[in-house]
>>> print(open('coords.txt').read())   # compact mmCIF, C-alpha atoms
# COMPACT_ATOMS: atom_id res chain seq x y z
CA MET A 1072 -5.17 -1.50 30.61
CA VAL A 1073 -1.50 -1.98 29.79
CA LEU A 1074 -0.18 0.87 27.65
CA GLY A 1075 -0.09 -0.14 24.00
CA LEU A 1076 -2.39 -3.15 24.37
CA ALA A 1077 -5.97 -3.08 23.22
CA PRO A 1078 -8.57 -3.53 25.94
CA ARG A 1079 -10.18 -6.96 26.10
CA VAL A 1080 -13.20 -6.79 23.84
CA PRO A 1081 -15.41 -9.67 22.68
CA LEU A 1082 -14.50 -10.89 19.21
CA SER A 1083 -17.84 -9.78 17.79
CA SER A 1084 -17.08 -6.21 18.92
CA ARG A 1085 -13.63 -6.02 17.32
CA CYS A 1086 -14.70 -4.03 14.30
CA LEU A 1087 -13.71 -0.78 12.75
CA GLN A 1088 -15.61 2.06 14.32
CA ALA A 1089 -18.09 4.33 12.63
CA PRO A 1090 -17.42 8.03 12.05
CA PRO A 1091 -18.16 10.45 14.88
CA PRO A 1092 -21.82 11.20 15.60
CA ALA A 1093 -23.65 13.77 13.53
CA GLY A 1094 -22.68 17.30 14.43
CA VAL A 1095 -19.07 16.41 15.22
CA PRO A 1096 -17.01 18.01 12.45
CA TRP A 1097 -14.32 15.96 10.72
CA PRO A 1098 -12.47 16.68 7.51
CA SER A 1099 -14.12 14.82 4.65
CA PHE A 1100 -10.97 12.85 3.84
CA LEU A 1101 -10.96 11.31 7.33
CA ALA A 1102 -14.68 10.63 7.65
CA ARG A 1103 -15.89 7.21 6.64
CA SER A 1104 -18.83 7.31 4.27
CA VAL A 1105 -20.38 4.12 5.63
CA ARG A 1106 -20.82 2.55 9.06
CA LEU A 1107 -18.44 -0.37 9.48
CA THR A 1108 -19.76 -3.46 11.20
CA CYS A 1109 -18.39 -7.00 11.29
CA GLY A 1110 -19.43 -9.17 8.40
CA SER A 1111 -21.75 -6.65 6.79
CA ALA A 1112 -22.05 -5.39 3.26
CA GLN A 1113 -21.24 -1.96 4.65
CA MET A 1114 -17.82 -3.16 5.77
CA GLU A 1115 -17.19 -4.56 2.31
CA GLU A 1116 -18.09 -1.17 0.82
CA ALA A 1117 -15.68 0.50 3.20
CA VAL A 1118 -12.69 -1.46 1.91
CA VAL A 1119 -13.63 -2.28 -1.69
CA GLY A 1120 -11.15 0.28 -3.07
CA LEU A 1121 -8.34 -1.23 -1.06
CA GLY A 1122 -9.39 -4.70 -2.17
CA ALA A 1123 -9.39 -3.65 -5.82
CA VAL A 1124 -5.90 -2.15 -5.56
CA THR A 1125 -4.72 -5.31 -3.78
CA VAL A 1126 -6.01 -7.53 -6.60
CA LEU A 1127 -4.35 -5.26 -9.18
CA ALA A 1128 -1.10 -5.38 -7.21
CA VAL A 1129 -1.12 -9.17 -7.11
CA LEU A 1130 -1.84 -9.31 -10.85
CA GLU A 1131 1.04 -6.91 -11.46
CA GLN A 1132 3.37 -9.15 -9.46
CA ALA A 1133 2.19 -12.14 -11.50
CA TYR A 1134 2.90 -10.21 -14.70
CA PHE A 1135 6.44 -9.44 -13.52
CA SER A 1136 7.01 -13.11 -12.69
CA LEU A 1137 5.77 -14.18 -16.10
CA GLN A 1138 8.19 -11.75 -17.72
CA VAL A 1139 11.06 -13.48 -15.91
CA ILE A 1140 9.82 -16.87 -17.17
CA TYR A 1141 9.65 -15.54 -20.73
CA ALA A 1142 13.12 -14.00 -20.40
CA ARG A 1143 14.52 -17.31 -19.11
CA ARG A 1144 13.22 -19.03 -22.23
CA LYS A 1145 14.34 -16.25 -24.58
CA TYR A 1146 17.88 -16.06 -23.18
CA SER A 1147 18.21 -19.79 -22.29
CA VAL A 1148 18.73 -19.25 -18.56
CA SER A 1149 17.60 -22.36 -16.69
CA PRO A 1150 16.53 -22.20 -13.05
CA PRO A 1151 17.99 -21.87 -10.48
CA SER A 1152 20.61 -19.79 -12.28
CA THR A 1153 20.18 -16.04 -12.13
CA ASN A 1154 23.15 -15.23 -14.33
CA GLY A 1155 22.79 -14.62 -18.02
CA PRO A 1156 22.89 -11.86 -20.57
CA PRO A 1157 22.45 -8.31 -19.21
CA GLU A 1158 18.96 -8.17 -20.74
CA PHE A 1159 17.87 -11.18 -18.66
CA GLU A 1160 19.57 -9.95 -15.50
CA ARG A 1161 17.80 -6.58 -15.71
CA ILE A 1162 14.38 -8.23 -16.05
CA PHE A 1163 15.17 -10.64 -13.22
CA ARG A 1164 16.41 -7.84 -10.98
CA ALA A 1165 13.40 -5.61 -11.76
CA GLN A 1166 11.05 -8.41 -10.73
CA ALA A 1167 13.05 -9.12 -7.58
CA ASN A 1168 13.10 -5.45 -6.59
CA CYS A 1169 9.34 -5.13 -7.07
CA SER A 1170 8.78 -8.27 -4.99
CA GLU A 1171 10.99 -6.93 -2.19
CA TYR A 1172 8.85 -3.82 -1.80
CA PHE A 1173 5.50 -5.57 -2.22
CA PRO A 1174 4.92 -6.44 1.48
CA ILE A 1175 5.81 -2.90 2.57
CA PHE A 1176 3.42 -1.47 0.01
CA MET A 1177 0.58 -3.79 1.03
CA ALA A 1178 1.01 -3.03 4.74
CA MET A 1179 1.05 0.73 4.17
CA LEU A 1180 -1.85 0.63 1.68
CA TRP A 1181 -4.14 -1.14 4.15
CA THR A 1182 -2.99 0.75 7.25
CA SER A 1183 -3.47 4.06 5.47
CA GLY A 1184 -6.80 2.95 4.05
CA VAL A 1185 -8.23 1.77 7.35
CA PHE A 1186 -6.91 4.53 9.61
CA PHE A 1187 -6.66 7.52 7.25
CA SER A 1188 -8.80 7.37 4.10
CA GLN A 1189 -9.74 4.53 1.80
CA GLY A 1190 -10.18 6.80 -1.23
CA VAL A 1191 -6.92 8.69 -0.88
CA SER A 1192 -5.01 5.51 -0.07
CA SER A 1193 -6.51 3.62 -3.02
CA PHE A 1194 -5.56 6.47 -5.35
CA CYS A 1195 -2.01 6.47 -3.98
CA GLY A 1196 -1.95 2.71 -4.41
CA LEU A 1197 -2.84 3.06 -8.08
CA LEU A 1198 -0.11 5.67 -8.52
CA TYR A 1199 2.38 3.33 -6.84
CA LEU A 1200 1.41 0.43 -9.13
CA TYR A 1201 1.76 2.66 -12.17
CA GLY A 1202 5.20 3.75 -10.95
CA ARG A 1203 6.25 0.13 -10.42
CA LEU A 1204 5.08 -0.86 -13.90
CA GLN A 1205 7.08 2.01 -15.40
CA TYR A 1206 10.04 0.98 -13.23
CA PHE A 1207 9.88 -2.58 -14.51
CA ARG A 1208 9.63 -1.49 -18.14
CA GLY A 1209 12.41 1.06 -17.75
CA TYR A 1210 14.74 -1.40 -16.02
CA ALA A 1211 14.09 -4.02 -18.71
CA GLU A 1212 15.34 -1.52 -21.28
CA SER A 1213 18.34 -0.14 -19.38
CA ALA A 1214 19.60 0.22 -15.82
CA HIS A 1215 19.29 4.00 -16.12
CA GLY A 1216 15.66 3.74 -17.28
CA ARG A 1217 14.57 2.58 -13.86
CA LEU A 1218 15.57 5.72 -11.94
CA THR A 1219 12.74 8.18 -12.58
CA PRO A 1220 9.96 5.63 -11.93
CA LEU A 1221 11.88 4.34 -8.90
CA TYR A 1222 11.96 7.80 -7.35
CA PHE A 1223 8.29 8.36 -8.20
CA SER A 1224 7.11 5.10 -6.60
CA ALA A 1225 9.34 5.69 -3.55
CA LYS A 1226 7.73 9.10 -3.02
CA VAL A 1227 4.24 7.61 -3.26
CA LEU A 1228 5.22 4.89 -0.79
CA TRP A 1229 6.48 7.52 1.66
CA VAL A 1230 3.18 9.38 1.29
CA LEU A 1231 1.37 6.17 2.29
CA VAL A 1232 3.73 5.79 5.25
CA GLY A 1233 2.88 9.36 6.29
CA PHE A 1234 -0.87 8.83 5.92
CA SER A 1235 -0.61 5.59 7.89
CA SER A 1236 1.32 7.28 10.68
CA VAL A 1237 -1.09 10.19 10.92
CA GLY A 1238 -4.13 7.92 10.84
CA VAL A 1239 -2.79 5.56 13.49
CA LEU A 1240 -1.70 8.45 15.73
CA LEU A 1241 -5.09 10.18 15.50
CA THR A 1242 -6.95 6.94 16.15
CA PHE A 1243 -4.68 5.94 19.05
CA CYS A 1244 -5.17 9.32 20.71
CA ARG A 1245 -8.93 9.28 20.17
CA VAL A 1246 -9.47 5.67 21.32
CA TYR A 1247 -6.94 5.24 24.13
CA LEU A 1248 -6.20 8.75 25.35
CA LYS A 1249 -9.70 10.14 24.73
CA VAL A 1250 -8.14 13.15 23.00
CA ASP A 1251 -9.23 14.32 19.58
CA LEU A 1252 -6.00 15.85 18.31
CA LEU A 1253 -7.70 17.56 15.37
CA GLN A 1254 -9.98 19.46 17.76
CA GLU A 1255 -7.16 20.13 20.23
CA LEU A 1256 -4.98 21.59 17.48
CA GLY A 1257 -7.80 23.88 16.39
CA PHE A 1258 -8.66 22.25 13.09
CA PHE A 1259 -12.30 22.02 14.25
>>> encode(input="coords.txt", output="C-alpha cells")
Amino acid sequence: MVLGLAPRVPLSSRCLQAPPPAGVPWPSFLARSVRLTCGSAQMEEAVVGLGAVTVLAVLEQAYFSLQVIYARRKYSVSPPSTNGPPEFERIFRAQANCSEYFPIFMAMLWTSGVFFSQGVSSFCGLLYLYGRLQYFRGYAESAHGRLTPLYFSAKVLWVLVGFSSVGVLLTFCRVYLKVDLLQELGFF
C-alpha cells in the first residue's frame, strides 16, 4: 500500500464501517448508533441528520438569493450591475459572503458527521445556519450589524474543522496504522 492511498477494495465493500465490536469501549459521541452498509436503510439513518441540515442550508442560500432579487427590484439595480444604494450593496454583499463560505461549511459538516459524530455535527450545522441567518439580517441593516453573528458562525465553523480533523486522524490511525489512539492515550 502506498502511504495515503486507500487499499484496493471492491466497490461493494467501500462503505462506512460499523462501530467496534461489543465490549470495545468508545465514547458515546464517537460510536455510531447503527451499522452502516451500502445502500441500506441503516446507512440512510446514519446520515439523515446531515442530510436534513444540508437541505436547510440549501434553502437558506435560496432565501438569501431571493433577497438579492427583491432588493434589485426595490432599488432598481439591473443585472449585471452590483452597484447601487448602500442598502442594496449590503444585501448583495451579505449574500455573496454567505455563498463564499457555503462549500467550506458543507465539506466540514459532512466530514465531521461521517468521521466524528453525526449528532454533534448536525447540531453545529444548525448553529452555523442560525449564525449565518443573523449575519445576513444584521448586514442588511448595517455593516456593523454583521460582526457579532459573523464571529459566532466563524467559531462554529472552526469547531466543525476541529471535529473533522480529530475524526479523520482517529480513523486514519485505526484503519491504516492499526492504532487506536483513544486507547493508546488512556481514554479507554
>>> atom_distance(input="coords.txt", atom1="atom CA of Leu1252 of chain A", atom2="atom CA of Gln1189 of chain A")
20.4 Å
>>> closest_residue(input="coords.txt", among="A:Ala1133, A:Leu1198, A:Ile1162, A:Leu1221", to="Lys1145 of chain A", atoms="all atoms listed in the file")
A:Ile1162
>>> atom_distance(input="coords.txt", atom1="atom CA of Arg1164 of chain A", atom2="atom CA of Gln1138 of chain A")
11.3 Å
>>> residues_around(input="coords.txt", residues="Tyr1199 of chain A", least_positions_apart="6", cutoff="9 Å", atoms="only C-alpha atoms", output="VMD selection string")
chain A and resid 1176 1223 to 1228
>>> closest_residue(input="coords.txt", among="A:Gly1257, A:Phe1194, A:Thr1182, A:Arg1208", to="Gly1233 of chain A", atoms="all atoms listed in the file")
A:Thr1182
>>> atom_distance(input="coords.txt", atom1="atom CA of Ala1128 of chain A", atom2="atom CA of Pro1220 of chain A")
16.3 Å
>>> residues_around(input="coords.txt", residues="Val1232 of chain A", least_positions_apart="2", cutoff="12 Å", atoms="only C-alpha atoms", output="VMD selection string")
chain A and resid 1175 to 1184 1186 to 1187 1192 1195 to 1196 1225 to 1230 1234 to 1239
>>> closest_residue(input="coords.txt", among="A:Leu1256, A:Leu1200, A:Met1114, A:Leu1248", to="Leu1130 of chain A", atoms="all atoms listed in the file")
A:Leu1200
>>> closest_residue(input="coords.txt", among="A:Gln1132, A:Ser1147, A:Gln1166, A:Thr1125", to="Gly1209 of chain A", atoms="only C-alpha atoms")
A:Gln1166
>>> residues_around(input="coords.txt", residues="Pro1150 of chain A", least_positions_apart="5", cutoff="12 Å", atoms="only C-alpha atoms", output="list of chain:residue names")
A:Val1139, A:Ile1140, A:Ala1142, A:Arg1143, A:Arg1144, A:Gly1155, A:Phe1163
